[in-house]
file start-v1.txt (compact mmCIF, C-alpha atoms)
# COMPACT_ATOMS: atom_id res chain seq x y z
CA MET A 32 -17.35 186.03 129.15
CA GLN A 33 -17.87 188.55 131.92
CA VAL A 34 -19.91 191.72 131.48
CA SER A 35 -20.34 194.63 133.83
CA ILE A 36 -23.56 196.53 133.14
CA THR A 37 -25.41 199.15 135.15
CA VAL A 38 -29.05 198.10 135.01
CA ASN A 39 -31.55 200.59 136.38
CA GLY A 40 -28.85 202.27 138.41
CA GLN A 41 -27.36 199.14 139.91
CA GLN A 42 -24.04 197.90 138.62
CA ARG A 43 -23.85 194.16 138.23
CA THR A 44 -21.33 191.70 136.86
CA ASP A 45 -22.49 188.55 135.14
CA GLU A 46 -20.99 185.63 133.29
CA VAL A 47 -22.74 185.45 129.92
CA GLU A 48 -22.43 183.64 126.62
CA PRO A 49 -21.33 186.04 123.85
CA ARG A 50 -24.47 185.19 121.91
CA LEU A 51 -26.82 186.21 124.75
CA LEU A 52 -29.15 188.95 123.53
CA LEU A 53 -29.72 191.96 125.75
CA ALA A 54 -33.46 191.20 125.84
CA HIS A 55 -32.77 187.72 127.23
CA TYR A 56 -30.13 189.06 129.62
CA LEU A 57 -32.64 191.53 131.07
CA ARG A 58 -35.49 189.03 131.29
CA GLU A 59 -33.68 185.88 132.35
CA THR A 60 -30.42 186.92 133.98
CA CYS A 61 -31.73 190.06 135.69
CA GLY A 62 -35.33 188.85 136.12
CA LEU A 63 -36.69 192.09 134.66
CA THR A 64 -39.64 190.87 132.62
CA ALA A 65 -41.27 194.20 131.72
CA THR A 66 -39.19 194.16 128.55
CA ASN A 67 -41.27 192.07 126.17
CA ILE A 68 -40.07 190.21 123.11
CA GLY A 69 -42.57 190.56 120.30
CA CYS A 70 -41.41 190.04 116.73
CA ASP A 71 -37.82 189.18 117.70
CA SER A 72 -36.71 190.77 114.40
CA THR A 73 -36.15 194.51 115.07
CA SER A 74 -39.57 195.52 113.78
CA CYS A 75 -42.10 195.82 116.59
CA GLY A 76 -40.22 197.72 119.30
CA ALA A 77 -41.77 195.83 122.25
CA CYS A 78 -38.25 195.16 123.58
CA THR A 79 -37.16 198.83 123.50
CA VAL A 80 -34.91 199.88 126.39
CA VAL A 81 -32.61 202.86 126.86
CA VAL A 82 -28.85 202.25 126.59
CA ASP A 83 -26.59 205.18 127.46
CA GLY A 84 -29.44 207.61 126.85
CA LEU A 85 -30.59 206.20 123.50
CA SER A 86 -33.59 203.98 122.78
CA VAL A 87 -32.60 200.62 121.28
CA LYS A 88 -34.31 197.35 120.45
CA SER A 89 -32.83 194.87 122.89
CA CYS A 90 -33.62 191.83 120.70
CA THR A 91 -30.95 193.07 118.28
CA VAL A 92 -28.19 193.95 120.73
CA LEU A 93 -25.85 191.49 122.42
CA ALA A 94 -25.48 191.81 126.18
CA ALA A 95 -21.74 191.83 125.43
CA GLN A 96 -22.17 195.01 123.39
CA THR A 97 -23.50 196.83 126.46
CA ASP A 98 -20.54 195.93 128.69
CA GLY A 99 -19.76 199.12 130.61
CA SER A 100 -23.07 200.77 129.64
CA GLN A 101 -26.06 202.12 131.53
CA VAL A 102 -29.25 200.26 130.66
CA THR A 103 -32.69 201.44 131.75
CA THR A 104 -35.81 199.28 131.50
CA LEU A 105 -39.38 200.13 132.38
CA GLU A 106 -38.73 198.88 135.92
CA GLY A 107 -36.11 201.60 136.32
CA LEU A 108 -38.46 204.48 135.64
CA SER A 109 -40.44 204.71 138.86
CA GLY A 110 -38.95 206.22 141.99
CA PRO A 111 -38.05 204.29 145.15
CA ASP A 112 -41.45 205.13 146.63
CA GLY A 113 -43.20 203.71 143.58
CA GLU A 114 -44.03 207.09 142.11
CA MET A 115 -44.54 206.76 138.39
CA HIS A 116 -42.35 208.42 135.78
CA PRO A 117 -44.25 211.27 134.03
CA MET A 118 -44.48 209.16 130.86
CA GLN A 119 -45.97 206.21 132.76
CA ALA A 120 -48.41 208.54 134.50
CA ALA A 121 -49.46 210.06 131.17
CA PHE A 122 -50.02 206.61 129.59
CA ARG A 123 -52.20 205.73 132.58
CA ALA A 124 -54.14 209.01 132.60
CA GLU A 125 -54.76 209.00 128.83
CA HIS A 126 -55.36 205.24 128.65
CA GLY A 127 -52.46 204.84 126.23
CA LEU A 128 -52.75 201.05 126.14
CA GLN A 129 -55.18 198.29 125.38
CA CYS A 130 -53.71 194.80 125.83
CA GLY A 131 -50.49 196.31 127.21
CA PHE A 132 -47.96 194.11 125.43
CA CYS A 133 -46.37 196.95 123.46
CA THR A 134 -46.57 199.37 126.39
CA PRO A 135 -43.13 198.93 128.03
CA GLY A 136 -41.37 199.43 124.72
CA MET A 137 -43.75 202.21 123.75
CA VAL A 138 -43.06 204.09 127.01
CA MET A 139 -39.29 203.73 126.64
CA ALA A 140 -39.40 204.86 123.00
CA ALA A 141 -41.71 207.75 123.91
CA ILE A 142 -39.19 209.03 126.44
CA GLY A 143 -36.68 209.06 123.59
CA VAL A 144 -39.10 211.04 121.42
CA LEU A 145 -39.33 213.78 124.07
CA ALA A 146 -35.59 213.69 124.66
CA ASP A 147 -35.15 214.69 121.01
CA ASN A 148 -38.11 217.04 120.82
CA PRO A 149 -39.66 218.30 124.10
CA ASP A 150 -42.82 219.63 122.41
CA PRO A 151 -43.70 217.41 119.45
CA SER A 152 -46.79 217.69 117.25
CA ASP A 153 -49.06 214.68 116.78
CA ARG A 154 -47.26 213.92 113.52
CA GLU A 155 -43.84 214.18 115.16
CA VAL A 156 -44.92 211.78 117.91
CA ARG A 157 -46.15 209.31 115.29
CA GLU A 158 -42.91 209.60 113.32
CA GLY A 159 -40.87 209.25 116.50
CA LEU A 160 -42.75 206.06 117.40
CA GLU A 161 -42.50 204.59 113.88
CA GLY A 162 -40.42 201.72 115.30
CA ASN A 163 -43.11 200.62 117.77
CA LEU A 164 -46.16 198.66 116.71
CA CYS A 165 -49.40 198.40 118.70
CA ARG A 166 -51.32 195.45 117.29
CA CYS A 167 -54.45 196.63 119.10
CA THR A 168 -53.97 199.75 116.93
CA GLY A 169 -54.46 201.94 119.98
CA TYR A 170 -52.31 204.71 118.57
CA HIS A 171 -54.62 207.68 119.19
CA ASN A 172 -54.40 207.44 122.96
CA ILE A 173 -50.68 206.69 122.83
CA VAL A 174 -50.08 209.91 120.88
CA ARG A 175 -52.33 211.76 123.33
CA ALA A 176 -50.34 210.34 126.26
CA VAL A 177 -46.98 211.43 124.83
CA ARG A 178 -48.30 214.93 124.16
CA ALA A 179 -49.70 215.09 127.69
CA ALA A 180 -46.37 213.95 129.12
CA ALA A 181 -44.64 216.72 127.16
CA THR A 182 -46.62 219.31 129.12
CA SER A 183 -45.43 217.90 132.45
CA GLY A 184 -41.85 219.19 132.17
CA PRO A 185 -38.43 218.08 130.95
CA SER A 186 -38.24 214.98 133.16
CA ALA A 187 -40.74 213.26 130.83
CA GLY A 188 -37.93 213.03 128.28
CA GLN A 189 -35.33 211.64 130.69
CA VAL A 190 -34.62 208.34 132.35
CA PRO A 191 -33.70 208.60 136.04
CA GLN A 192 -30.01 209.14 136.66
CA ALA A 193 -28.17 206.20 138.17
CA GLN A 194 -27.45 208.09 141.37
CA GLU A 195 -31.09 208.99 141.88
CA VAL A 196 -32.19 205.41 141.47
CA GLN A 197 -29.58 204.22 143.93
CA ALA A 198 -30.53 206.85 146.56
CA MET B 909 -34.21 183.23 118.05
CA ILE B 910 -30.67 182.82 119.25
CA PRO B 911 -27.51 182.97 117.11
CA SER B 912 -25.21 179.97 117.04
CA GLN B 913 -22.11 180.12 119.22
CA PHE B 914 -19.22 182.42 118.43
CA ASP B 915 -16.21 183.96 120.10
CA TYR B 916 -16.41 187.67 120.85
CA VAL B 917 -13.42 189.97 120.47
CA LYS B 918 -13.58 193.67 121.31
CA VAL B 919 -11.01 195.88 119.58
CA ARG B 920 -10.08 199.49 120.35
CA SER B 921 -8.34 200.58 117.16
CA VAL B 922 -8.40 200.01 113.41
CA ASP B 923 -4.99 198.32 113.65
CA GLU B 924 -6.35 195.89 116.25
CA ALA B 925 -9.33 195.20 114.01
CA VAL B 926 -7.12 194.44 111.01
CA ALA B 927 -4.90 192.20 113.17
CA ALA B 928 -7.96 190.30 114.42
CA LEU B 929 -9.31 189.92 110.87
CA THR B 930 -5.92 188.61 109.73
CA GLU B 931 -5.78 186.18 112.64
CA HIS B 932 -9.29 184.77 112.33
CA GLY B 933 -9.70 184.80 108.54
CA GLU B 934 -12.93 184.43 106.64
CA ASP B 935 -14.83 182.91 109.57
CA ALA B 936 -14.73 186.27 111.37
CA LYS B 937 -17.27 189.05 110.91
CA LEU B 938 -17.03 192.66 112.04
CA LEU B 939 -19.74 193.87 114.43
CA ALA B 940 -20.52 197.59 114.52
CA GLY B 941 -24.19 198.44 115.14
CA GLY B 942 -25.16 194.86 114.42
CA HIS B 943 -28.55 195.78 112.96
CA SER B 944 -27.94 193.93 109.71
CA LEU B 945 -25.64 191.20 111.02
CA LEU B 946 -27.43 190.09 114.21
CA PRO B 947 -30.84 189.54 112.52
CA ILE B 948 -29.28 187.25 109.89
CA MET B 949 -27.25 185.48 112.61
CA LYS B 950 -30.47 184.87 114.54
CA LEU B 951 -31.90 183.27 111.40
CA ARG B 952 -28.63 181.28 111.05
CA LEU B 953 -28.16 182.73 107.57
CA ALA B 954 -24.76 183.89 108.85
CA VAL B 955 -22.77 181.66 111.18
CA PRO B 956 -19.47 183.43 111.90
CA SER B 957 -17.17 181.73 114.41
CA VAL B 958 -15.76 185.03 115.64
CA LEU B 959 -17.34 188.46 116.02
CA ILE B 960 -14.91 191.38 116.13
CA ASP B 961 -16.69 194.28 117.85
CA ILE B 962 -15.41 197.55 116.34
CA SER B 963 -18.04 199.79 117.97
CA GLY B 964 -15.52 200.87 120.61
CA ILE B 965 -13.25 202.56 118.05
CA ARG B 966 -14.30 206.11 118.80
CA ASP B 967 -12.09 207.85 116.23
CA LEU B 968 -14.17 206.28 113.42
CA SER B 969 -17.10 208.59 114.21
CA TYR B 970 -16.91 212.02 112.52
CA VAL B 971 -18.28 214.16 109.70
CA ARG B 972 -15.89 216.82 108.41
CA VAL B 973 -15.03 218.85 105.33
CA GLU B 974 -11.74 217.98 103.64
CA GLY B 975 -11.13 220.06 100.50
CA ASP B 976 -13.85 219.42 97.92
CA GLU B 977 -15.14 216.42 99.84
CA VAL B 978 -16.98 215.51 103.01
CA ALA B 979 -15.24 212.73 104.94
CA ILE B 980 -17.44 210.55 107.16
CA GLY B 981 -16.05 208.01 109.59
CA ALA B 982 -17.34 204.49 109.03
CA GLY B 983 -18.45 204.23 112.66
CA THR B 984 -20.77 207.24 112.37
CA ARG B 985 -24.22 206.11 113.44
CA HIS B 986 -27.22 206.97 111.28
CA PHE B 987 -28.70 209.39 113.83
CA GLU B 988 -25.37 211.20 114.10
CA LEU B 989 -25.23 211.64 110.31
CA GLU B 990 -28.90 212.69 110.26
CA ARG B 991 -28.18 215.50 112.75
CA SER B 992 -24.74 216.55 111.51
CA GLU B 993 -24.76 220.26 110.68
CA VAL B 994 -21.74 219.78 108.42
CA ALA B 995 -23.56 217.08 106.46
CA ARG B 996 -26.79 219.10 106.26
CA THR B 997 -24.91 222.06 104.80
CA GLU B 998 -22.42 220.30 102.55
CA VAL B 999 -24.19 217.16 101.34
CA PRO B 1000 -27.87 217.34 102.42
CA LEU B 1001 -28.99 214.24 100.50
CA LEU B 1002 -27.00 212.09 102.92
CA PRO B 1003 -28.41 213.21 106.30
CA HIS B 1004 -31.93 213.19 104.82
CA THR B 1005 -31.45 209.60 103.67
CA ALA B 1006 -29.93 208.63 107.03
CA GLY B 1007 -33.17 209.84 108.62
CA ARG B 1008 -35.17 207.49 106.39
CA VAL B 1009 -33.32 204.35 107.54
CA GLY B 1010 -35.44 202.08 109.73
CA ASP B 1011 -36.72 203.84 112.84
CA PRO B 1012 -35.13 205.88 115.66
CA GLN B 1013 -33.98 202.79 117.58
CA VAL B 1014 -32.32 201.37 114.46
CA ARG B 1015 -30.70 204.72 113.65
CA HIS B 1016 -29.29 204.85 117.18
CA ARG B 1017 -27.29 201.67 116.47
CA GLY B 1018 -26.65 201.30 112.74
CA THR B 1019 -23.46 202.73 111.23
CA LEU B 1020 -22.60 204.08 107.79
CA GLY B 1021 -19.67 201.70 107.36
CA GLY B 1022 -21.86 198.79 108.36
CA THR B 1023 -24.58 199.44 105.80
CA VAL B 1024 -21.92 200.07 103.12
CA ALA B 1025 -20.08 196.81 103.87
CA HIS B 1026 -23.29 194.77 104.16
CA SER B 1027 -24.23 195.49 100.52
CA ASP B 1028 -27.93 194.86 100.74
CA PRO B 1029 -29.41 196.03 97.40
CA ALA B 1030 -32.41 197.42 99.30
CA SER B 1031 -30.44 199.72 101.61
CA ASP B 1032 -31.00 203.47 101.72
CA LEU B 1033 -27.59 204.99 102.33
CA PRO B 1034 -25.64 203.06 99.67
CA THR B 1035 -28.25 204.30 97.17
CA ALA B 1036 -27.61 207.91 98.18
CA LEU B 1037 -23.84 207.37 98.16
CA LEU B 1038 -23.98 205.85 94.67
CA ALA B 1039 -25.87 208.89 93.38
CA LEU B 1040 -23.39 211.24 95.04
CA GLY B 1041 -20.28 209.47 93.78
CA GLY B 1042 -17.14 209.43 95.89
CA THR B 1043 -15.05 206.69 97.40
CA VAL B 1044 -15.04 203.99 100.04
CA VAL B 1045 -11.81 204.02 102.07
CA LEU B 1046 -10.70 200.56 103.17
CA GLN B 1047 -7.93 199.49 105.50
CA GLY B 1048 -6.26 196.10 105.54
CA PRO B 1049 -2.89 194.53 106.30
CA GLY B 1050 -1.40 196.32 103.27
CA GLY B 1051 -2.58 199.73 104.42
CA ARG B 1052 -5.30 202.00 103.06
CA ARG B 1053 -6.89 201.95 99.63
CA GLU B 1054 -9.78 203.77 98.02
CA VAL B 1055 -12.49 202.19 95.87
CA PRO B 1056 -14.91 204.36 93.85
CA VAL B 1057 -18.51 203.78 94.95
CA THR B 1058 -19.30 202.85 91.34
CA GLU B 1059 -17.05 199.80 91.71
CA PHE B 1060 -17.73 198.89 95.35
CA TRP B 1061 -21.06 197.04 95.39
CA THR B 1062 -20.54 194.06 93.11
CA GLY B 1063 -23.60 191.93 93.84
CA PHE B 1064 -26.04 190.55 96.38
CA PHE B 1065 -24.23 191.06 99.73
CA GLU B 1066 -20.95 191.22 97.78
CA THR B 1067 -18.43 194.04 97.63
CA ALA B 1068 -14.93 194.82 96.36
CA MET B 1069 -13.58 194.34 99.91
CA SER B 1070 -11.33 191.43 100.78
CA PRO B 1071 -12.04 189.49 104.01
CA ASP B 1072 -9.13 191.10 105.87
CA GLU B 1073 -10.24 194.69 105.20
CA LEU B 1074 -12.65 197.02 106.93
CA VAL B 1075 -14.38 200.20 105.82
CA VAL B 1076 -12.85 203.13 107.68
CA GLU B 1077 -14.26 206.16 105.84
CA LEU B 1078 -16.63 207.38 103.14
CA ARG B 1079 -15.68 210.38 101.01
CA VAL B 1080 -18.34 212.18 98.98
CA PRO B 1081 -18.21 215.36 96.90
CA ARG B 1082 -19.61 218.50 98.52
CA THR B 1083 -22.88 219.27 96.72
CA GLY B 1084 -23.78 222.38 98.74
CA THR B 1085 -26.98 223.99 97.45
CA ALA B 1086 -27.37 221.68 94.43
CA GLY B 1087 -30.85 220.16 94.24
CA TRP B 1088 -31.40 216.58 95.33
CA GLY B 1089 -34.21 214.11 95.85
CA TYR B 1090 -34.69 210.79 97.68
CA GLU B 1091 -37.91 208.89 97.08
CA LYS B 1092 -38.56 205.64 98.92
CA PHE B 1093 -41.58 203.39 98.62
CA THR B 1094 -42.46 201.19 101.60
CA ARG B 1095 -45.47 199.43 103.08
CA ARG B 1096 -44.64 200.63 106.59
CA GLU B 1097 -42.59 203.68 107.51
CA ASN B 1098 -39.71 201.71 109.06
CA ASP B 1099 -39.38 199.12 106.28
CA TRP B 1100 -36.67 198.58 103.73
CA PRO B 1101 -37.50 200.23 100.40
CA ILE B 1102 -39.49 198.12 97.95
CA VAL B 1103 -37.80 200.49 95.50
CA ALA B 1104 -36.02 203.79 96.14
CA ALA B 1105 -34.45 206.42 93.89
CA ALA B 1106 -31.83 209.04 94.76
CA ALA B 1107 -31.09 211.94 92.42
CA VAL B 1108 -28.47 214.67 92.59
CA GLN B 1109 -26.62 216.67 89.91
CA GLY B 1110 -27.97 214.61 87.03
CA ARG B 1111 -27.04 211.27 88.60
CA VAL B 1112 -29.68 208.73 89.65
CA ALA B 1113 -29.24 205.60 91.79
CA LEU B 1114 -31.82 202.90 92.51
CA ALA B 1115 -32.36 200.56 95.45
CA ASN B 1116 -33.75 197.04 95.11
CA MET B 1117 -33.74 196.93 91.30
CA GLY B 1118 -31.04 194.26 91.00
CA GLY B 1119 -28.39 192.32 92.88
CA SER B 1120 -26.83 195.54 94.19
CA VAL B 1121 -27.70 199.22 94.32
CA LEU B 1122 -27.21 200.53 90.78
CA ARG B 1123 -27.21 203.66 88.64
CA ALA B 1124 -30.04 204.44 86.21
CA SER B 1125 -27.59 204.88 83.35
CA ALA B 1126 -30.15 205.31 80.56
CA THR B 1127 -31.87 208.08 82.52
CA GLU B 1128 -28.56 209.81 83.20
CA GLU B 1129 -27.56 209.66 79.52
CA ALA B 1130 -30.93 211.03 78.43
CA LEU B 1131 -30.67 213.91 80.91
CA ALA B 1132 -27.14 214.68 79.71
CA GLY B 1133 -28.51 214.75 76.16
CA GLY B 1134 -31.14 217.33 77.09
CA ALA B 1135 -34.20 215.09 77.58
CA SER B 1136 -37.03 216.26 79.83
CA ILE B 1137 -37.33 214.78 83.31
CA ALA B 1138 -40.44 212.85 82.28
CA ASP B 1139 -38.76 211.37 79.20
CA ALA B 1140 -35.53 210.54 81.03
CA ALA B 1141 -37.33 208.98 84.02
CA ALA B 1142 -39.30 206.73 81.67
CA LEU B 1143 -35.98 204.95 80.97
CA ALA B 1144 -35.06 204.40 84.64
CA ASP B 1145 -35.69 200.65 84.67
CA GLN B 1146 -33.58 199.96 81.56
CA GLY B 1147 -30.73 197.61 82.33
CA THR B 1148 -32.15 196.65 85.75
CA SER B 1149 -33.05 193.13 86.89
CA PRO B 1150 -35.49 193.43 89.79
CA THR B 1151 -36.67 190.37 91.68
CA ALA B 1152 -40.23 189.47 92.61
CA ASP B 1153 -41.30 188.95 96.22
CA MET B 1154 -44.37 189.21 98.43
CA HIS B 1155 -44.32 193.02 98.16
CA ALA B 1156 -44.00 193.52 94.42
CA ASP B 1157 -43.56 191.65 91.16
CA GLN B 1158 -40.92 192.64 88.61
CA GLU B 1159 -43.18 194.81 86.47
CA TYR B 1160 -44.45 196.72 89.50
CA ARG B 1161 -40.86 197.35 90.62
CA ARG B 1162 -40.03 198.66 87.15
CA HIS B 1163 -43.04 200.98 87.37
CA LEU B 1164 -41.89 202.19 90.79
CA ALA B 1165 -38.35 202.81 89.50
CA ARG B 1166 -39.68 205.04 86.71
CA LEU B 1167 -42.14 206.84 89.00
CA LEU B 1168 -39.73 207.40 91.92
CA THR B 1169 -36.96 208.50 89.56
CA ARG B 1170 -39.28 211.14 88.09
CA ARG B 1171 -40.29 212.35 91.56
CA ALA B 1172 -36.68 212.44 92.78
CA LEU B 1173 -35.56 214.37 89.69
CA GLU B 1174 -38.48 216.81 90.03
CA LYS B 1175 -37.54 217.45 93.67
CA ALA B 1176 -33.92 217.97 92.70
CA ALA B 1177 -34.96 220.41 89.95
CA ALA B 1178 -37.26 222.36 92.27
CA ALA B 1179 -34.51 223.19 94.75

call {"tool": "encode", "arguments": {"input": "start-v1.txt", "output": "structure tokens"}}
result
Amino acid sequence: MQVSITVNGQQRTDEVEPRLLLAHYLRETCGLTATNIGCDSTSCGACTVVVDGLSVKSCTVLAAQTDGSQVTTLEGLSGPDGEMHPMQAAFRAEHGLQCGFCTPGMVMAAIGVLADNPDPSDREVREGLEGNLCRCTGYHNIVRAVRAAATSGPSAGQVPQAQEVQA
Amino acid sequence: MIPSQFDYVKVRSVDEAVAALTEHGEDAKLLAGGHSLLPIMKLRLAVPSVLIDISGIRDLSYVRVEGDEVAIGAGTRHFELERSEVARTEVPLLPHTAGRVGDPQVRHRGTLGGTVAHSDPASDLPTALLALGGTVVLQGPGGRREVPVTEFWTGFFETAMSPDELVVELRVPRTGTAGWGYEKFTRRENDWPIVAAAAVQGRVALANMGGSVLRASATEEALAGGASIADAAALADQGTSPTADMHADQEYRRHLARLLTRRALEKAAAA
């Protein structure tokens, strides 16, 4: 079947099998390998991307279900000049990662946390990231990074608009 | 893990969904949020030949007051129910419980109708619905019919639905300011309940204490007869048949049912 999906601001049309998972579509069809597959069972959150403004676990969504949608992956966060998204910058500044495997999903989920609550407490950040596991257990610096990003302005809770990415 | 092959049909209305179910028969499954169905398809525990995607039916997503009841569209996603001001005012147990399902990413996808139709005995929202009472509204080739929640969940992944029907709406009584409690025991915050108890207006429902969500009838009868919360809650596991798994054996689940029932009733009484 044919799907038409806007990935990181660029609309593309692909022939896919109905059973193709969004995570595999992004990694193999689009070549966007920042989205990691961890548990492959909706638990760990490593595959989190943003679909139409909402964080989702792409291992549990069919590419077919996102036909006509806007999908943003970690690759879609930075500007055309390579400038990092405020959430990426905060993870870097606060060392919000150890091995880095959970980081793409953690960053995408964290943007969703700030979209819901622009000034969360430590506890609210932890609750908002309950669907993302860091097996290095590096949670302290992740929480610190999200709180730091919250102080940088509203864009920390937004994914770039399609038009901005295309410009 | 990759599901086995299937045909994918996207429908835009309830009538189209019923027509597709009629055409494809028992080999077809409805796909809404997909957060119960796709994981079991990846494990090949479900191998439908056709998936009928009903997520595009926008008029199945609403929460509104209708007389003495709150009507909730089956396509309402958990995060929408969690945030609904109407639900928070009229039937607060339900949005609270919606907020305890999985994690934010799961709540962004999962739907009320989906979790109702899936009939997992360990699911949060059916437990709350069973405590609230009310009805499941189904639509099939013969039109609409209503099934009381007390008769809907008939066993492990089994319901009173026929294969050519879909859930279109849930109707629950408005409880307003009446006290309520939902107590869920998990290893990790985003897990299914090992056991959960929902209490409102003297009714108590339990998750994961048998083949389906079920009512703690002995506790309810004791409360109606004037027993204390502690005495009534001590009967919560009567008539249940919990299973044993890696998280808990049967006796531990019975203990949790009694304990969580007491906590849920105490919260309801404190409101």

call {"tool": "interface_residues", "arguments": {"input": "start-v1.txt", "of": "chain A", "to": "chain B", "cutoff": "7 Å", "atoms": "only C-alpha atoms", "output": "ChimeraX atom specification"}}
result
/A:49-50,71-72,85-88,91,159,161-162

call {"tool": "residues_near_point", "arguments": {"input": "start-v1.txt", "point": "(-50.0, 213.4, 114.9)", "cutoff": "10 Å", "atoms": "only C-alpha atoms", "output": "PyMOL selection string"}}
result
chain A and resi 151-158+170-171+174-175+178

call {"tool": "closest_residue", "arguments": {"input": "start-v1.txt", "among": "B:Ala1106, B:Ala1140, B:Gly1118, B:Ala1130", "to": "Arg1162 in chain B", "atoms": "only C-alpha atoms"}}
result
B:Gly1118

call {"tool": "residues_around", "arguments": {"input": "start-v1.txt", "residues": "range 104-112 of chain A", "least_positions_apart": "5", "cutoff": "7 Å", "atoms": "all atoms listed in the file", "output": "NGL selection string"}}
result
:A and (39 or 65-66 or 80-81 or 135 or 139 or 190-191 or 196)

call {"tool": "residues_around", "arguments": {"input": "start-v1.txt", "residues": "Thr134 in chain A", "least_positions_apart": "6", "cutoff": "9 Å", "atoms": "all atoms listed in the file", "output": "list in words"}}
result
Ala77, Phe122, Gly127, Leu128 and Cys165 of chain A

call {"tool": "closest_residue", "arguments": {"input": "start-v1.txt", "among": "A:Ser100, A:Leu160, A:Val47, A:Cys78", "to": "Thr64 in chain A", "atoms": "all atoms listed in the file"}}
result
A:Cys78

call {"tool": "residues_around", "arguments": {"input": "start-v1.txt", "residues": "Ile980 in chain B", "least_positions_apart": "2", "cutoff": "9 Å", "atoms": "only C-alpha atoms", "output": "short mmCIF file (atom, residue, chain, number, x, y, z; two decimals) with C-alpha atoms, in the coordinates of the input"}}
result
data_model
loop_
_atom_site.label_atom_id
_atom_site.label_comp_id
_atom_site.auth_asym_id
_atom_site.auth_seq_id
_atom_site.Cartn_x
_atom_site.Cartn_y
_atom_site.Cartn_z
CA LEU B 968 -14.17 206.28 113.42
CA SER B 969 -17.10 208.59 114.21
CA TYR B 970 -16.91 212.02 112.52
CA VAL B 971 -18.28 214.16 109.70
CA ARG B 972 -15.89 216.82 108.41
CA VAL B 973 -15.03 218.85 105.33
CA VAL B 978 -16.98 215.51 103.01
CA ALA B 982 -17.34 204.49 109.03
CA GLY B 983 -18.45 204.23 112.66
CA THR B 984 -20.77 207.24 112.37
CA LEU B 989 -25.23 211.64 110.31
CA ALA B 995 -23.56 217.08 106.46
CA LEU B 1020 -22.60 204.08 107.79
CA VAL B 1076 -12.85 203.13 107.68
CA GLU B 1077 -14.26 206.16 105.84
CA LEU B 1078 -16.63 207.38 103.14
CA ARG B 1079 -15.68 210.38 101.01
CA VAL B 1080 -18.34 212.18 98.98
#

call {"tool": "atom_distance", "arguments": {"input": "start-v1.txt", "atom1": "CA of Phe987 in chain B", "atom2": "CA of Ala1006 in chain B"}}
result
7.0 Å

call {"tool": "atom_distance", "arguments": {"input": "start-v1.txt", "atom1": "CA of Arg166 in chain A", "atom2": "CA of Cys130 in chain A"}}
result
8.9 Å

call {"tool": "atom_distance", "arguments": {"input": "start-v1.txt", "atom1": "CA of Asp1028 in chain B", "atom2": "CA of Arg952 in chain B"}}
result
17.1 Å

call {"tool": "closest_residue", "arguments": {"input": "start-v1.txt", "among": "A:Gln41, A:Ser183, A:Gln119, A:Ser35", "to": "Gly99 in chain A", "atoms": "all atoms listed in the file"}}
result
A:Ser35

call {"tool": "decode", "arguments": {"input": "start-v1.txt", "residues": "range 67-77 of chain A", "atoms": "N, CA and C atoms", "output": "mmCIF file, in the first residue's frame"}}
result
data_model
loop_
_atom_site.group_PDB
_atom_site.id
_atom_site.type_symbol
_atom_site.label_atom_id
_atom_site.label_comp_id
_atom_site.auth_asym_id
_atom_site.auth_seq_id
_atom_site.Cartn_x
_atom_site.Cartn_y
_atom_site.Cartn_z
ATOM 1 N N ASN A 67 15.901 4.532 18.060
ATOM 2 C CA ASN A 67 16.374 3.197 18.427
ATOM 3 C C ASN A 67 15.210 2.282 18.784
ATOM 4 N N ILE A 68 15.413 1.003 18.561
ATOM 5 C CA ILE A 68 14.448 -0.002 19.012
ATOM 6 C C ILE A 68 15.093 -0.739 20.178
ATOM 7 N N GLY A 69 14.465 -0.623 21.347
ATOM 8 C CA GLY A 69 15.028 -1.246 22.534
ATOM 9 C C GLY A 69 14.294 -2.521 22.868
ATOM 10 N N CYS A 70 13.216 -2.395 23.641
ATOM 11 C CA CYS A 70 12.493 -3.588 24.097
ATOM 12 C C CYS A 70 11.593 -4.156 23.018
ATOM 13 N N ASP A 71 11.181 -3.319 22.067
ATOM 14 C CA ASP A 71 10.270 -3.746 20.991
ATOM 15 C C ASP A 71 8.919 -4.210 21.543
ATOM 16 N N SER A 72 8.553 -3.743 22.742
ATOM 17 C CA SER A 72 7.282 -4.170 23.331
ATOM 18 C C SER A 72 6.594 -3.059 24.119
ATOM 19 N N THR A 73 6.754 -1.812 23.684
ATOM 20 C CA THR A 73 6.033 -0.650 24.224
ATOM 21 C C THR A 73 6.418 -0.306 25.662
ATOM 22 N N SER A 74 7.543 -0.821 26.135
ATOM 23 C CA SER A 74 7.910 -0.528 27.523
ATOM 24 C C SER A 74 8.989 0.546 27.651
ATOM 25 N N CYS A 75 10.043 0.462 26.837
ATOM 26 C CA CYS A 75 11.263 1.202 27.170
ATOM 27 C C CYS A 75 11.297 2.625 26.633
ATOM 28 N N GLY A 76 10.544 2.917 25.570
ATOM 29 C CA GLY A 76 10.472 4.287 25.078
ATOM 30 C C GLY A 76 11.633 4.728 24.205
ATOM 31 N N ALA A 77 12.596 3.849 23.912
ATOM 32 C CA ALA A 77 13.751 4.254 23.090
ATOM 33 C C ALA A 77 13.313 4.689 21.692
#
